[in-house]
>>> print(open('structure23.txt').read())   # compact mmCIF, C-alpha atoms (C1' of nucleotides)
# COMPACT_ATOMS: atom_id res chain seq x y z
CA MET A 62 -18.67 8.19 19.90
CA ALA A 63 -21.67 7.34 17.79
CA LYS A 64 -21.65 3.60 17.33
CA GLU A 65 -23.31 3.69 13.94
CA VAL A 66 -20.68 5.94 12.44
CA ILE A 67 -17.91 3.49 13.21
CA GLU A 68 -20.04 0.59 12.07
CA LYS A 69 -20.77 2.31 8.80
CA ILE A 70 -17.13 3.10 8.21
CA ARG A 71 -16.23 -0.50 8.85
CA GLU A 72 -18.87 -1.59 6.41
CA PHE A 73 -17.46 0.74 3.80
CA ASN A 74 -13.99 -0.61 4.50
CA ARG A 75 -15.17 -4.14 3.86
CA PHE A 76 -16.80 -3.02 0.66
CA TYR A 77 -13.78 -1.10 -0.48
CA THR A 78 -11.46 -3.97 0.40
CA SER A 79 -13.20 -5.96 -2.27
CA VAL A 80 -12.95 -3.10 -4.75
CA ILE A 81 -9.21 -2.90 -4.17
CA GLY A 82 -9.03 -6.68 -4.29
CA VAL A 83 -10.44 -6.76 -7.77
CA THR A 84 -7.80 -4.39 -9.04
CA ASN A 85 -5.00 -6.06 -7.12
CA ASP A 86 -5.91 -9.39 -8.65
CA HIS A 87 -4.91 -8.07 -12.01
CA ILE A 88 -1.48 -7.23 -10.69
CA LEU A 89 -1.09 -10.54 -8.93
CA GLN A 90 -1.59 -12.42 -12.17
CA SER A 91 1.72 -10.95 -13.26
CA ASN A 92 4.16 -13.11 -11.26
CA TYR A 93 4.99 -10.18 -9.03
CA SER A 94 3.81 -9.87 -5.46
CA LEU A 95 2.11 -6.76 -4.19
CA THR A 96 5.22 -5.90 -2.21
CA GLU A 97 7.42 -6.25 -5.26
CA VAL A 98 5.17 -3.94 -7.20
CA ARG A 99 5.21 -1.47 -4.35
CA VAL A 100 9.01 -1.51 -4.45
CA MET A 101 8.87 -0.80 -8.17
CA TYR A 102 6.41 1.97 -7.50
CA GLU A 103 8.70 3.67 -5.01
CA ALA A 104 11.77 3.13 -7.16
CA TYR A 105 9.94 4.66 -10.08
CA TYR A 106 8.65 7.73 -8.30
CA SER A 107 11.61 8.19 -5.96
CA PRO A 108 14.66 7.05 -7.86
CA GLY A 109 17.67 6.86 -5.59
CA ILE A 110 15.59 5.59 -2.69
CA THR A 111 17.37 3.23 -0.29
CA ALA A 112 16.37 -0.10 1.20
CA ARG A 113 16.23 1.53 4.60
CA GLN A 114 13.72 4.11 3.42
CA LEU A 115 11.66 1.39 1.78
CA THR A 116 11.34 -0.58 4.98
CA SER A 117 9.75 2.35 6.71
CA ILE A 118 7.48 3.19 3.79
CA LEU A 119 6.40 -0.36 3.09
CA GLN A 120 6.52 -1.56 6.69
CA VAL A 121 8.26 -4.73 5.73
CA ASP A 122 11.12 -6.66 7.28
CA GLU A 123 14.53 -5.46 6.13
CA GLY A 124 15.84 -8.99 5.63
CA TYR A 125 12.92 -9.89 3.45
CA LEU A 126 13.27 -6.65 1.56
CA SER A 127 16.97 -7.24 0.99
CA ARG A 128 16.22 -10.54 -0.69
CA LEU A 129 13.35 -9.09 -2.62
CA ILE A 130 15.55 -6.32 -3.97
CA ALA A 131 18.25 -8.86 -4.80
CA LYS A 132 15.71 -10.78 -6.83
CA LEU A 133 14.64 -7.68 -8.76
CA VAL A 134 18.27 -6.74 -9.34
CA LYS A 135 18.99 -10.22 -10.64
CA GLN A 136 16.07 -9.86 -13.02
CA LYS A 137 17.55 -6.54 -14.11
CA ILE A 138 14.40 -4.71 -13.11
CA VAL A 139 16.05 -2.65 -10.41
CA LEU A 140 19.48 -1.03 -10.51
CA LYS A 141 21.48 -0.74 -7.31
CA LYS A 142 24.29 1.77 -7.13
CA GLN A 143 26.56 1.96 -4.12
CA SER A 144 26.91 5.45 -2.77
CA LYS A 145 30.36 6.99 -3.03
CA GLU A 146 30.00 8.93 0.20
CA ASP A 147 28.69 6.07 2.30
CA LYS A 148 29.45 2.61 1.06
CA ARG A 149 26.80 1.01 3.23
CA ILE A 150 24.09 2.66 1.21
CA TYR A 151 22.73 1.71 -2.18
CA ALA A 152 20.61 3.93 -4.36
CA LEU A 153 17.80 2.06 -6.06
CA GLU A 154 16.11 2.86 -9.31
CA LEU A 155 14.24 1.11 -12.07
CA SER A 156 16.16 0.01 -15.13
CA GLU A 157 14.68 0.59 -18.56
CA LYS A 158 13.34 -2.93 -18.41
CA GLY A 159 11.92 -2.16 -14.99
CA LYS A 160 10.22 0.98 -16.23
CA GLN A 161 8.74 -0.96 -19.09
CA LEU A 162 7.46 -3.65 -16.76
CA PHE A 163 6.11 -1.11 -14.33
CA SER A 164 4.26 0.63 -17.08
CA ASP A 165 2.75 -2.68 -18.18
CA LEU A 166 1.59 -3.36 -14.65
CA ASN A 167 0.11 0.12 -14.46
CA LYS A 168 -1.73 -0.50 -17.65
CA ARG A 169 -3.27 -3.66 -16.27
CA SER A 170 -4.25 -1.91 -13.12
CA SER A 171 -5.80 0.93 -15.06
CA GLU A 172 -7.77 -1.51 -17.14
CA ALA A 173 -9.19 -3.03 -13.99
CA ILE A 174 -10.28 0.41 -12.81
CA ALA A 175 -11.70 1.17 -16.22
CA THR A 176 -13.87 -1.92 -15.98
CA LEU A 177 -14.95 -0.92 -12.52
CA ILE A 178 -16.29 2.41 -13.70
CA GLU A 179 -17.34 1.52 -17.20
CA HIS A 180 -21.01 1.80 -16.32
CA LEU A 181 -20.61 5.36 -15.03
CA THR A 182 -21.24 8.48 -17.05
CA VAL A 183 -18.50 11.07 -17.35
CA GLY A 184 -20.26 13.19 -14.76
CA GLU A 185 -20.52 10.30 -12.35
CA ARG A 186 -16.85 9.56 -12.73
CA GLN A 187 -15.99 13.11 -11.85
CA GLU A 188 -18.35 12.88 -8.93
CA LEU A 189 -16.60 9.71 -7.76
CA VAL A 190 -13.22 11.41 -7.84
CA ARG A 191 -14.62 14.40 -6.01
CA LEU A 192 -16.06 12.16 -3.28
CA GLN A 193 -12.76 10.34 -2.93
CA ASP A 194 -10.86 13.60 -2.66
CA SER A 195 -13.19 14.73 0.10
CA ILE A 196 -12.70 11.52 2.03
CA LYS A 197 -8.97 11.77 1.72
CA ALA A 198 -9.05 15.37 2.90
CA LEU A 199 -11.09 14.42 5.94
CA LEU A 200 -8.90 11.50 6.92
CA ILE A 201 -5.61 13.22 6.28
CA LYS A 202 -6.49 16.39 8.10
CA LYS A 203 -4.25 16.64 11.08
CA MET B 25 -11.66 7.29 -21.04
CA ALA B 26 -10.16 10.26 -19.24
CA LYS B 27 -6.73 9.18 -18.08
CA GLU B 28 -6.74 11.42 -15.05
CA VAL B 29 -9.91 9.92 -13.62
CA ILE B 30 -8.40 6.45 -13.53
CA GLU B 31 -5.16 7.81 -12.19
CA LYS B 32 -6.95 9.64 -9.43
CA ILE B 33 -8.95 6.58 -8.49
CA ARG B 34 -5.78 4.55 -8.30
CA GLU B 35 -4.24 7.17 -6.11
CA PHE B 36 -7.22 7.05 -3.80
CA ASN B 37 -6.97 3.27 -3.74
CA ARG B 38 -3.36 3.45 -2.63
CA PHE B 39 -4.32 5.92 0.04
CA TYR B 40 -7.25 3.88 1.22
CA THR B 41 -5.18 0.70 1.22
CA SER B 42 -3.12 2.26 3.96
CA VAL B 43 -6.24 3.31 5.87
CA ILE B 44 -7.52 -0.25 5.77
CA GLY B 45 -4.05 -1.49 6.64
CA VAL B 46 -4.06 0.48 9.87
CA THR B 47 -7.29 -1.10 10.99
CA ASN B 48 -6.30 -4.57 9.83
CA ASP B 49 -3.14 -4.36 11.87
CA HIS B 50 -5.22 -4.30 15.00
CA ILE B 51 -6.91 -7.53 14.01
CA LEU B 52 -3.64 -9.17 13.06
CA GLN B 53 -2.29 -8.64 16.54
CA SER B 54 -4.88 -11.12 17.73
CA ASN B 55 -3.36 -14.44 16.62
CA TYR B 56 -5.99 -14.76 13.92
CA SER B 57 -5.29 -14.22 10.26
CA LEU B 58 -7.44 -11.95 8.16
CA THR B 59 -8.89 -14.98 6.42
CA GLU B 60 -9.81 -16.59 9.71
CA VAL B 61 -11.57 -13.45 10.82
CA ARG B 62 -13.40 -13.30 7.53
CA VAL B 63 -14.58 -16.87 8.08
CA MET B 64 -15.83 -15.87 11.52
CA TYR B 65 -17.54 -12.87 9.99
CA GLU B 66 -19.41 -14.99 7.47
CA ALA B 67 -20.26 -17.65 10.03
CA TYR B 68 -21.60 -14.96 12.31
CA TYR B 69 -23.76 -13.19 9.76
CA SER B 70 -24.71 -16.27 7.75
CA PRO B 71 -24.95 -19.13 10.20
CA GLY B 72 -25.32 -22.43 8.39
CA ILE B 73 -22.99 -21.35 5.62
CA THR B 74 -20.93 -24.13 4.03
CA ALA B 75 -17.24 -24.41 3.19
CA ARG B 76 -18.15 -24.43 -0.47
CA GLN B 77 -19.97 -21.13 -0.18
CA LEU B 78 -17.08 -19.66 1.74
CA THR B 79 -14.58 -20.52 -0.97
CA SER B 80 -16.53 -18.48 -3.46
CA ILE B 81 -17.11 -15.59 -1.09
CA LEU B 82 -13.56 -15.44 0.22
CA GLN B 83 -11.88 -16.55 -3.00
CA VAL B 84 -9.64 -18.92 -1.16
CA ASP B 85 -8.44 -22.43 -1.89
CA GLU B 86 -10.82 -25.10 -0.63
CA GLY B 87 -8.03 -27.24 0.76
CA TYR B 88 -6.65 -24.36 2.71
CA LEU B 89 -10.12 -23.43 3.89
CA SER B 90 -10.81 -26.99 4.98
CA ARG B 91 -7.79 -26.92 7.27
CA LEU B 92 -8.57 -23.45 8.48
CA ILE B 93 -12.09 -24.49 9.45
CA ALA B 94 -10.72 -27.62 11.13
CA LYS B 95 -8.48 -25.41 13.23
CA LEU B 96 -11.35 -23.17 14.27
CA VAL B 97 -13.48 -26.20 15.07
CA LYS B 98 -10.69 -27.64 17.17
CA GLN B 99 -10.49 -24.38 19.06
CA LYS B 100 -14.25 -24.60 19.54
CA ILE B 101 -14.78 -21.30 17.82
CA VAL B 102 -16.77 -22.75 14.95
CA LEU B 103 -19.39 -25.49 15.09
CA LYS B 104 -19.74 -27.88 12.17
CA LYS B 105 -22.93 -29.86 11.77
CA GLN B 106 -23.29 -32.49 9.11
CA SER B 107 -26.43 -32.08 7.06
CA LYS B 108 -29.00 -34.86 7.41
CA GLU B 109 -30.12 -34.55 3.81
CA ASP B 110 -26.69 -34.50 2.26
CA LYS B 111 -23.89 -35.99 4.28
CA ARG B 112 -21.20 -34.30 2.22
CA ILE B 113 -22.26 -30.92 3.49
CA TYR B 114 -21.53 -29.29 6.83
CA ALA B 115 -23.32 -26.26 8.20
CA LEU B 116 -20.98 -23.84 9.92
CA GLU B 117 -21.73 -21.42 12.68
CA LEU B 118 -19.99 -19.66 15.52
CA SER B 119 -20.10 -21.23 18.97
CA GLU B 120 -20.75 -19.04 21.98
CA LYS B 121 -17.01 -18.82 22.45
CA GLY B 122 -16.68 -17.89 18.80
CA LYS B 123 -19.27 -15.16 19.10
CA GLN B 124 -17.48 -13.79 22.11
CA LEU B 125 -14.16 -13.80 20.29
CA PHE B 126 -15.70 -12.24 17.22
CA SER B 127 -17.17 -9.48 19.30
CA ASP B 128 -13.77 -8.84 20.89
CA LEU B 129 -12.19 -8.60 17.48
CA ASN B 130 -14.90 -6.24 16.39
CA LYS B 131 -14.23 -4.09 19.37
CA ARG B 132 -10.57 -3.83 18.50
CA SER B 133 -11.39 -2.99 14.96
CA SER B 134 -13.83 -0.33 16.08
CA GLU B 135 -11.20 1.18 18.32
CA ALA B 136 -8.86 1.47 15.38
CA ILE B 137 -11.55 3.30 13.42
CA ALA B 138 -12.27 5.50 16.39
CA THR B 139 -8.64 6.56 16.46
CA LEU B 140 -8.74 7.22 12.77
CA ILE B 141 -11.59 9.69 13.08
CA GLU B 142 -10.90 11.09 16.52
CA HIS B 143 -9.83 14.42 15.12
CA LEU B 144 -13.10 14.87 13.24
CA THR B 145 -16.10 16.78 14.52
CA VAL B 146 -19.45 15.04 14.69
CA GLY B 147 -20.51 16.84 11.55
CA GLU B 148 -17.38 15.76 9.72
CA ARG B 149 -17.94 12.17 10.72
CA GLN B 150 -21.42 12.25 9.31
CA GLU B 151 -20.04 13.85 6.19
CA LEU B 152 -17.49 11.05 5.89
CA VAL B 153 -20.18 8.40 6.10
CA ARG B 154 -22.27 10.27 3.56
CA LEU B 155 -19.34 10.43 1.15
CA GLN B 156 -18.65 6.74 1.60
CA ASP B 157 -22.28 5.87 0.97
CA SER B 158 -22.22 7.87 -2.23
CA ILE B 159 -19.10 6.11 -3.44
CA LYS B 160 -20.58 2.75 -2.68
CA ALA B 161 -23.77 3.66 -4.50
CA LEU B 162 -21.81 4.71 -7.57
CA LEU B 163 -19.66 1.61 -7.67
CA ILE B 164 -22.41 -0.85 -6.93
CA LYS B 165 -24.86 0.59 -9.40
CA LYS B 166 -25.42 -1.97 -12.09
C1' DA C 162 41.39 3.90 18.92
C1' DA C 163 37.43 1.83 20.89
C1' DA C 164 32.68 1.65 21.05
C1' DA C 165 28.36 2.39 19.16
C1' DA C 166 25.40 3.03 15.50
C1' DT C 167 23.90 2.30 10.75
C1' DA C 168 22.85 -0.15 6.27
C1' DC C 169 22.52 -4.14 4.41
C1' DT C 170 22.96 -9.46 4.14
C1' DT C 171 22.26 -14.18 5.38
C1' DG C 172 20.71 -18.40 7.84
C1' DC C 173 16.92 -20.26 9.76
C1' DC C 174 12.12 -20.64 10.56
C1' DT C 175 6.89 -20.13 10.44
C1' DA C 176 2.49 -19.15 8.51
C1' DA C 177 -0.44 -18.46 4.53
C1' DA C 178 -2.00 -20.41 0.69
C1' DG C 179 -2.16 -23.15 -3.62
C1' DC C 180 -2.40 -27.68 -6.35
C1' DA C 181 -3.73 -32.10 -7.08
C1' DA C 182 -5.07 -36.57 -5.79
C1' DG C 183 -8.29 -38.97 -2.85
C1' DC C 184 -12.64 -40.26 -0.32
C1' DA C 185 -17.55 -40.22 0.56
C1' DT C 186 -21.83 -39.22 -0.99
C1' DT C 187 -25.26 -37.74 -4.21
C1' DT C 188 -27.00 -37.12 -8.90
C1' DT C 189 -27.21 -38.28 -13.63
C1' DT C 190 -26.96 -41.36 -17.37
C1' DT C 191 -27.63 -45.58 -19.61
C1' DA D 104 -30.56 -50.69 -10.93
C1' DA D 105 -25.71 -50.30 -12.02
C1' DA D 106 -22.19 -47.43 -13.84
C1' DA D 107 -20.54 -42.90 -14.52
C1' DA D 108 -20.20 -38.26 -13.35
C1' DA D 109 -20.50 -34.61 -10.26
C1' DT D 110 -20.21 -32.53 -5.72
C1' DG D 111 -18.32 -31.37 -1.07
C1' DC D 112 -14.81 -31.96 1.70
C1' DT D 113 -10.05 -33.77 3.15
C1' DT D 114 -5.17 -34.67 2.90
C1' DG D 115 -0.29 -34.83 1.17
C1' DC D 116 2.88 -32.04 -0.80
C1' DT D 117 4.84 -27.76 -2.21
C1' DT D 118 5.56 -22.77 -2.86
C1' DT D 119 5.66 -18.15 -1.35
C1' DA D 120 5.55 -14.30 1.80
C1' DG D 121 7.55 -12.66 5.44
C1' DG D 122 9.69 -12.43 10.18
C1' DC D 123 13.70 -12.80 13.55
C1' DA D 124 18.20 -12.64 14.84
C1' DA D 125 22.99 -12.98 14.15
C1' DG D 126 26.61 -11.35 11.07
C1' DT D 127 29.49 -8.09 8.03
C1' DA D 128 31.07 -3.78 6.48
C1' DT D 129 31.20 0.90 7.07
C1' DT D 130 30.57 5.24 9.36
C1' DT D 131 29.90 8.08 13.52
C1' DT D 132 30.51 9.02 18.29
C1' DT D 133 33.06 8.87 22.45
>>> encode(input="structure23.txt", output="structure tokens")
Amino acid sequence: MAKEVIEKIREFNRFYTSVIGVTNDHILQSNYSLTEVRVMYEAYYSPGITARQLTSILQVDEGYLSRLIAKLVKQKIVLKKQSKEDKRIYALELSEKGKQLFSDLNKRSSEAIATLIEHLTVGERQELVRLQDSIKALLIKK
Amino acid sequence: MAKEVIEKIREFNRFYTSVIGVTNDHILQSNYSLTEVRVMYEAYYSPGITARQLTSILQVDEGYLSRLIAKLVKQKIVLKKQSKEDKRIYALELSEKGKQLFSDLNKRSSEAIATLIEHLTVGERQELVRLQDSIKALLIKK
DNA sequence: AAAAATACTTGCCTAAAGCAAGCATTTTTT
DNA sequence: AAAAAATGCTTGCTTTAGGCAAGTATTTTT
């Protein structure tokens, strides 16, 4: 395999790590860890999701996740409803407060992205999205 | 600003976070933290770099960094030479052992990338690099 | 009805990282 | 030139993220 290709990809990864870092920083100034925000993200877009499913999506220890969820429940950000059919299982979803918080966090994150691309013209922004779509298509392709 | 553009960029960032995660996992199985590897990276490409400079590059606490460097020095991975002109300052560089280790880590990382793109044709790989270069150019452009 | 599996919880522990005070050394001010 | 301020690094203390493994309740399989 061509050495330079891999080297160039790694270089891009380093570069893009810092891009992502800049936007993550904005979230991290919010008293919520990245993992907590990811839990909110999943609970928002997949209401009814279970802790078990989250561990495999987030690749995080189930014990740690259990405590993390407990914390969010205590803060009334996440609602936890025991399933009638299987009492071991709890369906998770964001409360109204949680949705509000999540939307605030999204706003922050969007502002960080906005700053990142503020120097680009409308055409360049569309070009950026197009390039990103192409990369995703290449890397996802099975 | 067009809402969808920002939303699409954020989506790509989430996607690419997982791409980077896959390759970082390979490094993390090596007993060295990401921050330690980043220190090695800087010491390798900028021999003579100081702790002070590293804190601003890596955005990490100087106390933490001080201990981290001490650990790498103890393991004889990093060499620390006190400056003659200013005794407060220490020039850092990788030892031979450190260079060897760093090259091993690089190899692992490269293997992870190789797996990531193994299903791509040579042409597609070049296309991927081209797309990444274009993104970088757009985002770096002042 | 046991036994095994599943979903979650809890106790215990480690590693990563931050904060703030401290110690030399150098630079600036008076 | 002496005092004060700044700089570069270190060290003590603490917090947080996260893992591991044993435990509990419930459900499924044998």
>>> atom_distance(input="structure23.txt", atom1="atom C1' of C:DT170", atom2="atom CA of B:Ser42")
28.6 Å
>>> residues_around(input="structure23.txt", residues="stretch 105-109 of chain B", least_positions_apart="2", cutoff="12 Å", atoms="all atoms listed in the file", output="NGL selection string")
(:B and (71-75 or 97 or 102-103 or 111-119)) or (:C and (186-187)) or (:D and (111-112))
>>> atom_distance(input="structure23.txt", atom1="atom CA of A:Leu115", atom2="atom CA of A:Glu97")
11.2 Å
>>> closest_atom_pairs(input="structure23.txt", of="chain C", to="chain A", cutoff="9 Å", atoms="only C-alpha atoms (C1' of nucleotides)", output="tab-separated table")
residue	atom	partner	partner_atom	distance
C:DT167	C1'	A:Arg149	CA	8.2
C:DA168	C1'	A:Arg149	CA	5.1
C:DC169	C1'	A:Arg149	CA	6.8
C:DT170	C1'	A:Ser127	CA	7.1
C:DT171	C1'	A:Gly124	CA	8.3
>>> write_last_selection(input="structure23.txt", atoms="C-alpha atoms (C1' of nucleotides)", output="PDB file, keeping the file's coordinate frame")
ATOM      1  C1'  DT C 167      23.900   2.300  10.750  1.00  0.00           C
ATOM      2  C1'  DA C 168      22.850  -0.150   6.270  1.00  0.00           C
ATOM      3  C1'  DC C 169      22.520  -4.140   4.410  1.00  0.00           C
ATOM      4  C1'  DT C 170      22.960  -9.460   4.140  1.00  0.00           C
ATOM      5  C1'  DT C 171      22.260 -14.180   5.380  1.00  0.00           C
TER       6       DT C 171
END
>>> residues_near_point(input="structure23.txt", point="(-0.4, -33.2, 1.0)", cutoff="9 Å", atoms="only C-alpha atoms (C1' of nucleotides)", output="JSON, numbers by chain")
{"C": [181, 182], "D": [114, 115, 116, 117]}
>>> atom_distance(input="structure23.txt", atom1="atom CA of B:Arg154", atom2="atom CA of B:Ile141")
14.3 Å
>>> interface_residues(input="structure23.txt", of="chain B", to="chain A", cutoff="9 Å", atoms="only C-alpha atoms", output="ChimeraX atom specification")
/B:25-27,29-34,36-41,43-44,133-135,137-138,140-144,146,148-153,155-160,162-163,165-166
